[in-house]
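*Asks:* Coordinates in entry02.cif, mmCIF, C-alpha atoms, are listed below.
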```cif
data_entry
#
loop_
_atom_site.label_atom_id
_atom_site.label_comp_id
_atom_site.auth_asym_id
_atom_site.auth_seq_id
_atom_site.Cartn_x
_atom_site.Cartn_y
_atom_site.Cartn_z
CA MET A 179 -11.76 46.28 -36.02
CA ALA A 180 -13.59 49.58 -36.49
CA GLU A 181 -16.99 50.13 -34.90
CA TYR A 182 -19.97 50.76 -37.18
CA GLU A 183 -23.63 51.60 -36.63
CA THR A 184 -25.26 49.59 -39.41
CA ILE A 185 -22.90 46.66 -39.98
CA LEU A 186 -20.86 44.23 -37.90
CA THR A 187 -17.37 43.09 -38.83
CA GLU A 188 -15.52 40.05 -37.53
CA ARG A 189 -12.20 38.52 -38.49
CA VAL A 190 -12.28 34.72 -38.74
CA GLY A 191 -8.80 33.59 -39.68
CA ASN A 192 -8.07 35.24 -43.02
CA VAL A 193 -11.78 35.86 -43.69
CA LEU A 194 -13.43 39.22 -43.04
CA LYS A 195 -17.06 38.51 -42.16
CA ILE A 196 -19.45 41.43 -42.67
CA THR A 197 -23.00 41.29 -41.32
CA LEU A 198 -25.58 43.83 -42.45
CA ASN A 199 -27.05 44.75 -39.09
CA ARG A 200 -30.43 46.43 -39.37
CA PRO A 201 -32.64 43.39 -38.70
CA GLU A 202 -35.61 45.53 -37.69
CA ARG A 203 -35.67 46.79 -41.32
CA LEU A 204 -34.67 43.47 -42.91
CA ASN A 205 -31.24 45.09 -43.31
CA ALA A 206 -32.53 47.69 -45.76
CA ALA A 207 -29.58 49.53 -47.28
CA SER A 208 -29.78 53.05 -45.92
CA ILE A 209 -27.24 55.58 -47.16
CA PRO A 210 -25.25 55.19 -43.89
CA LEU A 211 -25.13 51.42 -44.44
CA ALA A 212 -23.90 51.91 -48.00
CA GLU A 213 -21.26 54.33 -46.72
CA GLU A 214 -20.06 51.98 -43.97
CA LEU A 215 -19.99 48.94 -46.24
CA GLY A 216 -18.05 50.96 -48.79
CA ALA A 217 -15.57 52.03 -46.11
CA VAL A 218 -14.88 48.39 -45.24
CA PHE A 219 -14.28 47.46 -48.86
CA TYR A 220 -12.04 50.49 -49.27
CA ASP A 221 -9.63 49.10 -46.68
CA LEU A 222 -9.76 45.34 -46.22
CA GLY A 223 -6.43 45.22 -44.43
CA ASP A 224 -4.77 41.85 -44.98
CA ALA A 225 -8.02 39.87 -45.30
CA ARG A 226 -7.83 37.28 -48.08
CA ALA A 227 -11.57 36.66 -48.48
CA VAL A 228 -14.80 38.44 -47.56
CA LEU A 229 -18.10 36.94 -46.42
CA ILE A 230 -21.27 39.08 -46.44
CA THR A 231 -24.55 38.07 -44.79
CA GLY A 232 -27.49 39.69 -43.05
CA ALA A 233 -28.62 39.71 -39.44
CA GLY A 234 -32.01 38.27 -38.56
CA LYS A 235 -34.51 36.99 -41.12
CA GLY A 236 -33.33 38.75 -44.27
CA PHE A 237 -30.24 39.51 -46.29
CA CYS A 238 -31.20 42.98 -47.54
CA SER A 239 -34.66 44.23 -48.48
CA GLY A 240 -33.36 47.01 -50.74
CA ALA A 241 -32.61 50.68 -50.34
CA ASP A 242 -34.06 52.30 -47.22
CA LEU A 243 -34.95 55.76 -48.39
CA ALA A 244 -36.89 56.60 -45.22
CA ALA A 245 -33.94 56.22 -42.85
CA ARG A 246 -32.69 59.30 -41.02
CA GLY A 247 -34.79 61.67 -43.04
CA GLU A 248 -33.45 60.36 -46.33
CA GLN A 249 -36.96 60.04 -47.76
CA SER A 250 -37.42 63.78 -48.12
CA ALA A 251 -34.01 64.14 -49.71
CA ILE A 252 -34.63 61.30 -52.17
CA GLN A 253 -38.05 62.67 -53.10
CA GLN A 254 -36.46 65.91 -54.24
CA LYS A 255 -35.96 66.21 -57.99
CA GLY A 256 -33.03 64.02 -58.97
CA GLY A 257 -32.67 62.64 -55.43
CA SER A 258 -32.67 58.98 -56.43
CA HIS A 259 -30.16 59.68 -59.17
CA ARG A 260 -27.81 61.38 -56.71
CA ALA A 261 -28.15 58.57 -54.17
CA LEU A 262 -27.28 55.99 -56.80
CA GLN A 263 -24.38 57.94 -58.23
CA ASN A 264 -22.91 58.94 -54.87
CA TYR A 265 -23.51 55.87 -52.71
CA TYR A 266 -25.05 52.71 -54.16
CA ASN A 267 -23.32 52.52 -57.54
CA PRO A 268 -19.82 53.06 -56.08
CA LEU A 269 -20.55 50.34 -53.50
CA ILE A 270 -21.51 47.77 -56.15
CA THR A 271 -18.39 48.66 -58.12
CA GLN A 272 -16.24 48.18 -55.02
CA ILE A 273 -17.66 44.72 -54.38
CA LEU A 274 -17.27 43.64 -58.00
CA ARG A 275 -13.70 44.92 -58.13
CA CYS A 276 -12.70 43.63 -54.70
CA PRO A 277 -9.18 42.17 -55.04
CA VAL A 278 -10.02 39.13 -52.91
CA PRO A 279 -12.85 36.59 -53.31
CA VAL A 280 -16.27 37.65 -52.01
CA VAL A 281 -18.82 35.11 -50.78
CA THR A 282 -22.39 36.21 -50.08
CA ALA A 283 -24.64 34.14 -47.81
CA VAL A 284 -28.24 35.07 -48.58
CA ASN A 285 -30.52 34.37 -45.62
CA GLY A 286 -33.99 35.50 -46.61
CA ALA A 287 -34.99 38.34 -48.91
CA ALA A 288 -32.48 39.86 -51.33
CA ALA A 289 -34.50 42.59 -53.00
CA GLY A 290 -33.71 45.70 -55.00
CA VAL A 291 -30.20 46.90 -54.34
CA GLY A 292 -29.95 44.07 -51.80
CA CYS A 293 -30.24 41.68 -54.73
CA SER A 294 -27.41 43.58 -56.43
CA ILE A 295 -25.20 43.36 -53.33
CA ALA A 296 -25.84 39.62 -53.13
CA LEU A 297 -25.18 38.94 -56.81
CA ALA A 298 -22.02 41.05 -56.82
CA GLY A 299 -20.31 38.29 -54.83
CA ASP A 300 -18.06 35.84 -56.62
CA PHE A 301 -19.88 32.95 -54.93
CA VAL A 302 -23.53 33.37 -53.93
CA LEU A 303 -24.95 30.81 -51.50
CA ALA A 304 -28.59 31.03 -50.45
CA GLY A 305 -30.68 29.29 -47.84
CA LYS A 306 -33.55 27.39 -49.43
CA SER A 307 -36.09 29.79 -47.92
CA ALA A 308 -34.28 32.79 -49.44
CA TYR A 309 -35.41 34.58 -52.57
CA PHE A 310 -34.29 37.21 -55.06
CA LEU A 311 -36.66 40.00 -56.09
CA GLN A 312 -36.74 42.95 -58.46
CA ALA A 313 -39.95 44.69 -57.36
CA PHE A 314 -39.31 48.09 -58.92
CA VAL A 315 -42.02 47.54 -61.54
CA ASN A 316 -44.63 47.44 -58.77
CA ILE A 317 -43.96 51.09 -57.93
CA GLY A 318 -43.28 52.31 -61.46
CA LEU A 319 -39.50 52.38 -61.21
CA VAL A 320 -36.66 50.48 -62.90
CA PRO A 321 -34.04 48.10 -61.46
CA ASP A 322 -30.84 49.83 -60.40
CA GLY A 323 -27.61 49.20 -58.53
CA GLY A 324 -26.27 47.22 -61.47
CA SER A 325 -29.13 44.71 -61.43
CA THR A 326 -29.76 44.97 -65.16
CA TRP A 327 -26.11 44.18 -65.94
CA LEU A 328 -25.81 41.42 -63.35
CA LEU A 329 -29.05 39.66 -64.26
CA ALA A 330 -28.73 39.84 -68.03
CA ARG A 331 -25.24 38.36 -67.95
CA ALA A 332 -26.02 35.69 -65.37
CA ILE A 333 -29.35 34.35 -66.66
CA GLY A 334 -29.87 35.85 -70.12
CA ARG A 335 -32.34 38.28 -71.59
CA ALA A 336 -35.55 36.24 -71.24
CA ARG A 337 -35.14 35.43 -67.55
CA ALA A 338 -33.81 38.87 -66.67
CA THR A 339 -36.85 40.39 -68.41
CA ARG A 340 -39.12 38.07 -66.44
CA MET A 341 -37.61 39.09 -63.12
CA MET A 342 -37.63 42.79 -63.93
CA MET A 343 -40.96 43.24 -65.73
CA LEU A 344 -43.08 40.76 -63.77
CA GLY A 345 -41.52 41.45 -60.37
CA GLU A 346 -41.65 37.80 -59.35
CA LYS A 347 -39.78 36.27 -56.42
CA ILE A 348 -37.15 33.77 -57.54
CA GLY A 349 -36.48 31.18 -54.86
CA ALA A 350 -33.02 29.91 -54.02
CA GLU A 351 -33.42 26.53 -55.71
CA GLN A 352 -34.78 28.10 -58.89
CA ALA A 353 -31.95 30.64 -58.79
CA GLU A 354 -29.43 27.79 -58.63
CA ASP A 355 -31.17 25.97 -61.48
CA TRP A 356 -30.99 29.13 -63.61
CA GLY A 357 -27.31 29.65 -62.85
CA LEU A 358 -28.05 32.89 -61.03
CA ILE A 359 -26.27 31.71 -57.88
CA TYR A 360 -23.58 29.21 -56.95
CA LYS A 361 -25.59 27.03 -54.59
CA ALA A 362 -28.83 26.66 -52.63
CA VAL A 363 -28.39 24.97 -49.26
CA ALA A 364 -30.49 24.09 -46.24
CA ASP A 365 -31.15 27.17 -44.13
CA GLU A 366 -29.49 25.69 -41.08
CA ALA A 367 -26.34 24.84 -43.07
CA LEU A 368 -25.98 28.20 -44.83
CA MET A 369 -23.46 29.93 -42.60
CA ASP A 370 -21.33 26.86 -42.04
CA GLU A 371 -21.08 26.19 -45.78
CA ALA A 372 -20.48 29.84 -46.61
CA MET A 373 -17.73 30.17 -44.01
CA ALA A 374 -16.12 26.90 -45.13
CA LEU A 375 -16.01 28.18 -48.71
CA ALA A 376 -14.71 31.60 -47.69
CA THR A 377 -12.03 29.93 -45.55
CA ARG A 378 -10.98 27.71 -48.44
CA LEU A 379 -10.66 30.74 -50.70
CA SER A 380 -8.76 32.66 -48.03
CA GLU A 381 -6.12 29.94 -48.04
CA GLY A 382 -5.67 30.01 -51.82
CA PRO A 383 -3.41 31.97 -54.21
CA THR A 384 -4.72 35.50 -53.65
CA VAL A 385 -2.80 37.12 -56.52
CA SER A 386 -4.15 34.49 -58.88
CA TYR A 387 -7.72 35.01 -57.66
CA SER A 388 -7.45 38.78 -58.08
CA THR A 389 -6.20 38.38 -61.64
CA MET A 390 -8.93 35.86 -62.47
CA LYS A 391 -11.59 38.28 -61.23
CA ALA A 392 -10.25 41.11 -63.36
CA ASN A 393 -10.06 38.84 -66.41
CA ILE A 394 -13.65 37.68 -65.95
CA GLN A 395 -14.80 41.30 -66.00
CA THR A 396 -12.78 41.87 -69.16
CA ALA A 397 -14.39 38.80 -70.71
CA LEU A 398 -17.88 40.11 -69.89
CA ASP A 399 -17.25 43.50 -71.46
CA GLY A 400 -14.42 43.07 -73.95
CA THR A 401 -13.39 41.35 -77.14
CA LEU A 402 -11.44 38.13 -77.57
CA SER A 403 -8.31 40.14 -78.35
CA GLN A 404 -8.69 42.11 -75.12
CA VAL A 405 -9.19 38.93 -73.12
CA LEU A 406 -6.14 37.26 -74.66
CA LEU A 407 -4.02 40.28 -73.75
CA ALA A 408 -5.47 40.38 -70.23
CA GLU A 409 -4.75 36.69 -69.72
CA ALA A 410 -1.17 37.05 -70.89
CA GLU A 411 -0.58 40.01 -68.60
CA GLY A 412 -2.33 38.21 -65.75
CA GLN A 413 -0.14 35.17 -66.24
CA ARG A 414 2.93 37.40 -66.03
CA VAL A 415 1.73 38.94 -62.75
CA ALA A 416 0.58 35.68 -61.17
CA GLY A 417 3.68 33.85 -62.38
CA ALA A 418 5.91 36.29 -60.52
CA SER A 419 4.09 35.75 -57.21
CA GLU A 420 5.44 33.82 -54.25
CA ASP A 421 2.35 31.62 -54.38
CA ALA A 422 3.13 30.53 -57.93
CA ALA A 423 6.64 29.53 -56.85
CA GLU A 424 5.18 27.60 -53.92
CA GLY A 425 2.58 25.96 -56.16
CA GLY A 426 5.21 24.79 -58.61
CA MET A 427 7.42 23.44 -55.86
CA ALA A 428 4.51 21.65 -54.20
CA PHE A 429 3.58 20.04 -57.51
CA LEU A 430 7.09 18.73 -58.00
CA GLN A 431 7.25 17.50 -54.41
CA LYS A 432 3.79 15.95 -54.65
CA ARG A 433 2.43 17.79 -51.62
CA LYS A 434 -0.33 20.29 -50.94
CA ALA A 435 0.68 23.89 -51.61
CA GLU A 436 0.74 26.30 -48.69
CA PHE A 437 -0.21 29.64 -50.20
CA LYS A 438 0.50 32.89 -48.36
CA GLY A 439 -1.45 35.29 -50.54
CA LYS A 440 1.69 36.96 -51.88
#
```
Just give me the structure of the file as structure tokens.

*Replies:*
Amino acid sequence: MAEYETILTERVGNVLKITLNRPERLNAASIPLAEELGAVFYDLGDARAVLITGAGKGFCSGADLAARGEQSAIQQKGGSHRALQNYYNPLITQILRCPVPVVTAVNGAAAGVGCSIALAGDFVLAGKSAYFLQAFVNIGLVPDGGSTWLLARAIGRARATRMMMLGEKIGAEQAEDWGLIYKAVADEALMDEAMALATRLSEGPTVSYSTMKANIQTALDGTLSQVLLAEAEGQRVAGASEDAAEGGMAFLQKRKAEFKGK
């Protein structure tokens, strides 16, 4: 595994575990962190699932514009726009379009772009002490990093407006109740449950998962006709996979399928 300065990577079976590793800053997403996380998602190797969490007491407290002199660069005219376009937005797109399932384990604060990173996962688990926050309104800015898109589609206009315009913390259990996340769990059980889920996904039909993810994005943005076409094409691709052949044989033989991700 490659060595990084702001993140840790570990292979656990077929799962690639990524830990945001700036605990002294509550894992604030500096530009170097965004670059390194993007580099990992650019080349996942043969990993069949990804798990993202944060070191220490927080998941990610948002963009860290003061790291390594970035504050002066961001404060220049158009600096925030360039940082979003060049680093943060491409990262969110990479996570959303990741060809394998992504699980995020939110341990503490998930604020600003950290909230976007968390919600970009296919399955979001959060410790019961964790919370999600869009605090941009408190400093006269607007949510970014895809938060507007992610929130509005996950919880609807009224609740997204509440989070964005009032800048309130939404706790893990409330987030689960709203349908913002997959599951709120006891803090001490978070990593075990997240790894168990990621492991389960890593042993599933990878081609099928990848196609499902693409079709969900089409469903969020497209028309019924576009979705029907995407499903038909996806069924053609998945149906030609080795895993589909194994799944069909296992069904006939009344045994559990052993998928290889091919």

*Asks:* Name the residues captured by the PyMOL selection byres ((chain A and resi 237) around 7) when it is applied to the shown file; answer as a ChimeraX atom specification.

*Replies:* /A:204-205,231-232,236,238-239,284-288

*Asks:* Excluding Phe314 in chain A and any residue of its chain fewer than 2 positions from it, enumerate the residues within 12 Å of it, using all atoms listed in the file, and give them as a list in words.

*Replies:*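 The residues that qualify are Gly240, Ala241, Ala289, Gly290, Val291, Cys293, Leu311, Gln312, Asn316, Ile317, Gly318, Leu319, Val320, Pro321, Asp322, Gly323, Ser325, Thr326, Met341, Met342, Met343, Leu344, Gly345 and Glu346 of chain A.
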
*Asks:* Go through A:Ile273, A:Val315, A:Ala233, A:Ala225 one by one, measure the shortest atom-to-atom distance of each to Lys438 in chain A using only C-alpha atoms, and give the residue with the smallest value.

*Replies:*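 Looking only at the distances to Lys438 in chain A, the closest residue turns out to be A:Ala225.
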
*Asks:* Can you turn the PyMOL selection byres ((chain A and resi 367-371) around 8) into a concrete residue list for this file, as a ChimeraX atom specification?

*Replies:* /A:283,285,303-305,363-366,372-375

*Asks:* Please evaluate the PyMOL selection byres ((chain A and resi 349-361) around 6) against the displayed coordinates and give the resulting residues as JSON, numbers by chain.

*Replies:* {"A": [301, 302, 303, 304, 306, 308, 309, 332, 333, 348, 362]}

*Asks:* Which of these residues is nearest to Glu183 in chain A, using only C-alpha atoms: A:Arg275, A:Lys434, A:Arg340, A:Arg200?

*Replies:*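 The shortest atom-to-atom distance to Glu183 in chain A comes from A:Arg200.
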
*Asks:* Name the closest residue to Lys195 in chain A among the candidates A:Thr377, A:Ser208, A:Tyr182, A:Phe310; distances are taken between atoms, counting all atoms listed in the file.

*Replies:*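 Nearest to Lys195 in chain A: A:Thr377.
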
*Asks:* CA of Pro279 in chain A and CA of Ala435 in chain A, how far apart in Å?

*Replies:*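 Value for the CA of Ala435 in chain A-CA of Pro279 in chain A distance: 18.6 Å.
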
*Asks:* Write out as a VMD selection string which residues come within 10 Å of range 387-389 of chain A when counting only C-alpha atoms, dropping same-chain ones fewer than 4 positions away.

*Replies:* chain A and resid 226 275 to 279 379 to 380 382 to 383 393 to 394 408 to 409 411 to 413 415 to 416 439

*Asks:* Grab the residues selected above and save them as a PDB file, in the coordinates of the input with C-alpha atoms.

*Replies:*
```
ATOM      1  CA  ARG A 226      -7.830  37.280 -48.080  1.00  0.00           C
ATOM      2  CA  ARG A 275     -13.700  44.920 -58.130  1.00  0.00           C
ATOM      3  CA  CYS A 276     -12.700  43.630 -54.700  1.00  0.00           C
ATOM      4  CA  PRO A 277      -9.180  42.170 -55.040  1.00  0.00           C
ATOM      5  CA  VAL A 278     -10.020  39.130 -52.910  1.00  0.00           C
ATOM      6  CA  PRO A 279     -12.850  36.590 -53.310  1.00  0.00           C
ATOM      7  CA  LEU A 379     -10.660  30.740 -50.700  1.00  0.00           C
ATOM      8  CA  SER A 380      -8.760  32.660 -48.030  1.00  0.00           C
ATOM      9  CA  GLY A 382      -5.670  30.010 -51.820  1.00  0.00           C
ATOM     10  CA  PRO A 383      -3.410  31.970 -54.210  1.00  0.00           C
ATOM     11  CA  ASN A 393     -10.060  38.840 -66.410  1.00  0.00           C
ATOM     12  CA  ILE A 394     -13.650  37.680 -65.950  1.00  0.00           C
ATOM     13  CA  ALA A 408      -5.470  40.380 -70.230  1.00  0.00           C
ATOM     14  CA  GLU A 409      -4.750  36.690 -69.720  1.00  0.00           C
ATOM     15  CA  GLU A 411      -0.580  40.010 -68.600  1.00  0.00           C
ATOM     16  CA  GLY A 412      -2.330  38.210 -65.750  1.00  0.00           C
ATOM     17  CA  GLN A 413      -0.140  35.170 -66.240  1.00  0.00           C
ATOM     18  CA  VAL A 415       1.730  38.940 -62.750  1.00  0.00           C
ATOM     19  CA  ALA A 416       0.580  35.680 -61.170  1.00  0.00           C
ATOM     20  CA  GLY A 439      -1.450  35.290 -50.540  1.00  0.00           C
TER      21      GLY A 439
END
```

*Asks:* Counting all atoms listed in the file, which residue out of A:Lys440, A:Lys432, A:Arg378, A:Arg331 sits closest to Leu398 in chain A?

*Replies:*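 Comparing A:Lys440, A:Lys432, A:Arg378, A:Arg331 against Leu398 in chain A, the winner is A:Arg331.
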
*Asks:* At what distance in Å, to one decimal, does CA of Tyr265 in chain A lie from CA of Asn199 in chain A?

*Replies:*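 It comes out at 17.9 Å.
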
*Asks:* Using all atoms listed in the file, can you tell me which of A:Thr401, A:Ser294, A:Thr339, A:Asn192 comes closest to Ile270 in chain A?

*Replies:*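 Under the stated criterion, the closest residue is A:Ser294.
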
*Asks:* Measure the distance from CA of Leu328 in chain A to CA of Ala298 in chain A in Å and round it to one decimal.

*Replies:*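 About the pair CA of Leu328 in chain A and CA of Ala298 in chain A: they are 7.6 Å apart.
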
*Asks:* Which of these residues is nearest to Leu198 in chain A, using only C-alpha atoms: A:Gln404, A:Thr282, A:Ser419, A:Ser386?

*Replies:*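 Checking each candidate against Leu198 in chain A, we get A:Thr282 as the closest.
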
*Asks:* Mind filling out range 261-272 of chain A with all heavy atoms and sending it as a PDB file, in the frame of the given file?

*Replies:*
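After the write, rebuild-v8.pdb holds the following:
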```pdb
ATOM      1  N   ALA A 261     -28.438  59.647 -55.117  1.00  0.00           N
ATOM      2  CA  ALA A 261     -28.150  58.570 -54.170  1.00  0.00           C
ATOM      3  C   ALA A 261     -27.457  57.409 -54.865  1.00  0.00           C
ATOM      4  O   ALA A 261     -26.508  56.826 -54.326  1.00  0.00           O
ATOM      5  CB  ALA A 261     -29.444  58.098 -53.504  1.00  0.00           C
ATOM      6  N   LEU A 262     -27.916  57.068 -56.051  1.00  0.00           N
ATOM      7  CA  LEU A 262     -27.280  55.990 -56.800  1.00  0.00           C
ATOM      8  C   LEU A 262     -25.858  56.359 -57.193  1.00  0.00           C
ATOM      9  O   LEU A 262     -24.920  55.571 -57.003  1.00  0.00           O
ATOM     10  CB  LEU A 262     -28.100  55.670 -58.058  1.00  0.00           C
ATOM     11  CG  LEU A 262     -29.400  54.898 -57.804  1.00  0.00           C
ATOM     12  CD1 LEU A 262     -30.300  54.940 -59.039  1.00  0.00           C
ATOM     13  CD2 LEU A 262     -29.103  53.461 -57.409  1.00  0.00           C
ATOM     14  N   GLN A 263     -25.694  57.523 -57.747  1.00  0.00           N
ATOM     15  CA  GLN A 263     -24.380  57.940 -58.230  1.00  0.00           C
ATOM     16  C   GLN A 263     -23.374  58.105 -57.096  1.00  0.00           C
ATOM     17  O   GLN A 263     -22.192  57.780 -57.259  1.00  0.00           O
ATOM     18  CB  GLN A 263     -24.488  59.250 -59.022  1.00  0.00           C
ATOM     19  CG  GLN A 263     -25.227  59.118 -60.342  1.00  0.00           C
ATOM     20  CD  GLN A 263     -24.433  58.332 -61.359  1.00  0.00           C
ATOM     21  OE1 GLN A 263     -24.332  57.117 -61.294  1.00  0.00           O
ATOM     22  NE2 GLN A 263     -23.842  59.013 -62.317  1.00  0.00           N
ATOM     23  N   ASN A 264     -23.834  58.599 -55.957  1.00  0.00           N
ATOM     24  CA  ASN A 264     -22.910  58.940 -54.870  1.00  0.00           C
ATOM     25  C   ASN A 264     -22.669  57.800 -53.876  1.00  0.00           C
ATOM     26  O   ASN A 264     -21.628  57.772 -53.214  1.00  0.00           O
ATOM     27  CB  ASN A 264     -23.415  60.155 -54.102  1.00  0.00           C
ATOM     28  CG  ASN A 264     -23.390  61.414 -54.936  1.00  0.00           C
ATOM     29  OD1 ASN A 264     -22.622  61.515 -55.898  1.00  0.00           O
ATOM     30  ND2 ASN A 264     -24.241  62.366 -54.611  1.00  0.00           N
ATOM     31  N   TYR A 265     -23.631  56.881 -53.754  1.00  0.00           N
ATOM     32  CA  TYR A 265     -23.510  55.870 -52.710  1.00  0.00           C
ATOM     33  C   TYR A 265     -23.643  54.425 -53.219  1.00  0.00           C
ATOM     34  O   TYR A 265     -22.736  53.613 -53.042  1.00  0.00           O
ATOM     35  CB  TYR A 265     -24.564  56.113 -51.605  1.00  0.00           C
ATOM     36  CG  TYR A 265     -24.445  57.479 -50.993  1.00  0.00           C
ATOM     37  CD1 TYR A 265     -25.313  58.506 -51.362  1.00  0.00           C
ATOM     38  CD2 TYR A 265     -23.447  57.763 -50.063  1.00  0.00           C
ATOM     39  CE1 TYR A 265     -25.203  59.774 -50.809  1.00  0.00           C
ATOM     40  CE2 TYR A 265     -23.318  59.031 -49.501  1.00  0.00           C
ATOM     41  CZ  TYR A 265     -24.199  60.040 -49.884  1.00  0.00           C
ATOM     42  OH  TYR A 265     -24.072  61.293 -49.353  1.00  0.00           O
ATOM     43  N   TYR A 266     -24.779  54.104 -53.824  1.00  0.00           N
ATOM     44  CA  TYR A 266     -25.050  52.710 -54.160  1.00  0.00           C
ATOM     45  C   TYR A 266     -24.210  52.203 -55.331  1.00  0.00           C
ATOM     46  O   TYR A 266     -23.652  51.101 -55.263  1.00  0.00           O
ATOM     47  CB  TYR A 266     -26.544  52.514 -54.453  1.00  0.00           C
ATOM     48  CG  TYR A 266     -27.415  52.864 -53.266  1.00  0.00           C
ATOM     49  CD1 TYR A 266     -28.255  53.973 -53.287  1.00  0.00           C
ATOM     50  CD2 TYR A 266     -27.386  52.085 -52.112  1.00  0.00           C
ATOM     51  CE1 TYR A 266     -29.048  54.294 -52.189  1.00  0.00           C
ATOM     52  CE2 TYR A 266     -28.169  52.399 -51.015  1.00  0.00           C
ATOM     53  CZ  TYR A 266     -29.000  53.511 -51.061  1.00  0.00           C
ATOM     54  OH  TYR A 266     -29.769  53.829 -49.964  1.00  0.00           O
ATOM     55  N   ASN A 267     -24.113  52.968 -56.400  1.00  0.00           N
ATOM     56  CA  ASN A 267     -23.320  52.520 -57.540  1.00  0.00           C
ATOM     57  C   ASN A 267     -21.840  52.335 -57.191  1.00  0.00           C
ATOM     58  O   ASN A 267     -21.233  51.324 -57.569  1.00  0.00           O
ATOM     59  CB  ASN A 267     -23.483  53.465 -58.721  1.00  0.00           C
ATOM     60  CG  ASN A 267     -24.879  53.399 -59.319  1.00  0.00           C
ATOM     61  OD1 ASN A 267     -25.666  52.531 -58.969  1.00  0.00           O
ATOM     62  ND2 ASN A 267     -25.190  54.313 -60.224  1.00  0.00           N
ATOM     63  N   PRO A 268     -21.222  53.285 -56.476  1.00  0.00           N
ATOM     64  CA  PRO A 268     -19.820  53.060 -56.080  1.00  0.00           C
ATOM     65  C   PRO A 268     -19.654  51.817 -55.208  1.00  0.00           C
ATOM     66  O   PRO A 268     -18.640  51.114 -55.322  1.00  0.00           O
ATOM     67  CB  PRO A 268     -19.461  54.332 -55.298  1.00  0.00           C
ATOM     68  CG  PRO A 268     -20.371  55.376 -55.870  1.00  0.00           C
ATOM     69  CD  PRO A 268     -21.658  54.660 -56.142  1.00  0.00           C
ATOM     70  N   LEU A 269     -20.647  51.521 -54.356  1.00  0.00           N
ATOM     71  CA  LEU A 269     -20.550  50.340 -53.500  1.00  0.00           C
ATOM     72  C   LEU A 269     -20.545  49.066 -54.340  1.00  0.00           C
ATOM     73  O   LEU A 269     -19.713  48.173 -54.121  1.00  0.00           O
ATOM     74  CB  LEU A 269     -21.717  50.307 -52.520  1.00  0.00           C
ATOM     75  CG  LEU A 269     -21.866  49.015 -51.702  1.00  0.00           C
ATOM     76  CD1 LEU A 269     -20.630  48.765 -50.852  1.00  0.00           C
ATOM     77  CD2 LEU A 269     -23.125  49.068 -50.841  1.00  0.00           C
ATOM     78  N   ILE A 270     -21.464  48.956 -55.300  1.00  0.00           N
ATOM     79  CA  ILE A 270     -21.510  47.770 -56.150  1.00  0.00           C
ATOM     80  C   ILE A 270     -20.204  47.606 -56.916  1.00  0.00           C
ATOM     81  O   ILE A 270     -19.660  46.502 -57.049  1.00  0.00           O
ATOM     82  CB  ILE A 270     -22.709  47.831 -57.109  1.00  0.00           C
ATOM     83  CG1 ILE A 270     -24.033  47.858 -56.322  1.00  0.00           C
ATOM     84  CG2 ILE A 270     -22.681  46.654 -58.079  1.00  0.00           C
ATOM     85  CD1 ILE A 270     -24.242  46.664 -55.425  1.00  0.00           C
ATOM     86  N   THR A 271     -19.663  48.710 -57.404  1.00  0.00           N
ATOM     87  CA  THR A 271     -18.390  48.660 -58.120  1.00  0.00           C
ATOM     88  C   THR A 271     -17.275  48.173 -57.214  1.00  0.00           C
ATOM     89  O   THR A 271     -16.435  47.356 -57.623  1.00  0.00           O
ATOM     90  CB  THR A 271     -18.035  50.049 -58.678  1.00  0.00           C
ATOM     91  OG1 THR A 271     -19.068  50.470 -59.585  1.00  0.00           O
ATOM     92  CG2 THR A 271     -16.716  50.024 -59.429  1.00  0.00           C
ATOM     93  N   GLN A 272     -17.267  48.631 -55.961  1.00  0.00           N
ATOM     94  CA  GLN A 272     -16.240  48.180 -55.020  1.00  0.00           C
ATOM     95  C   GLN A 272     -16.311  46.675 -54.784  1.00  0.00           C
ATOM     96  O   GLN A 272     -15.280  45.993 -54.732  1.00  0.00           O
ATOM     97  CB  GLN A 272     -16.403  48.916 -53.687  1.00  0.00           C
ATOM     98  CG  GLN A 272     -15.862  50.336 -53.667  1.00  0.00           C
ATOM     99  CD  GLN A 272     -16.059  50.955 -52.295  1.00  0.00           C
ATOM    100  OE1 GLN A 272     -17.181  51.200 -51.865  1.00  0.00           O
ATOM    101  NE2 GLN A 272     -14.967  51.183 -51.591  1.00  0.00           N
TER     102      GLN A 272
END
```
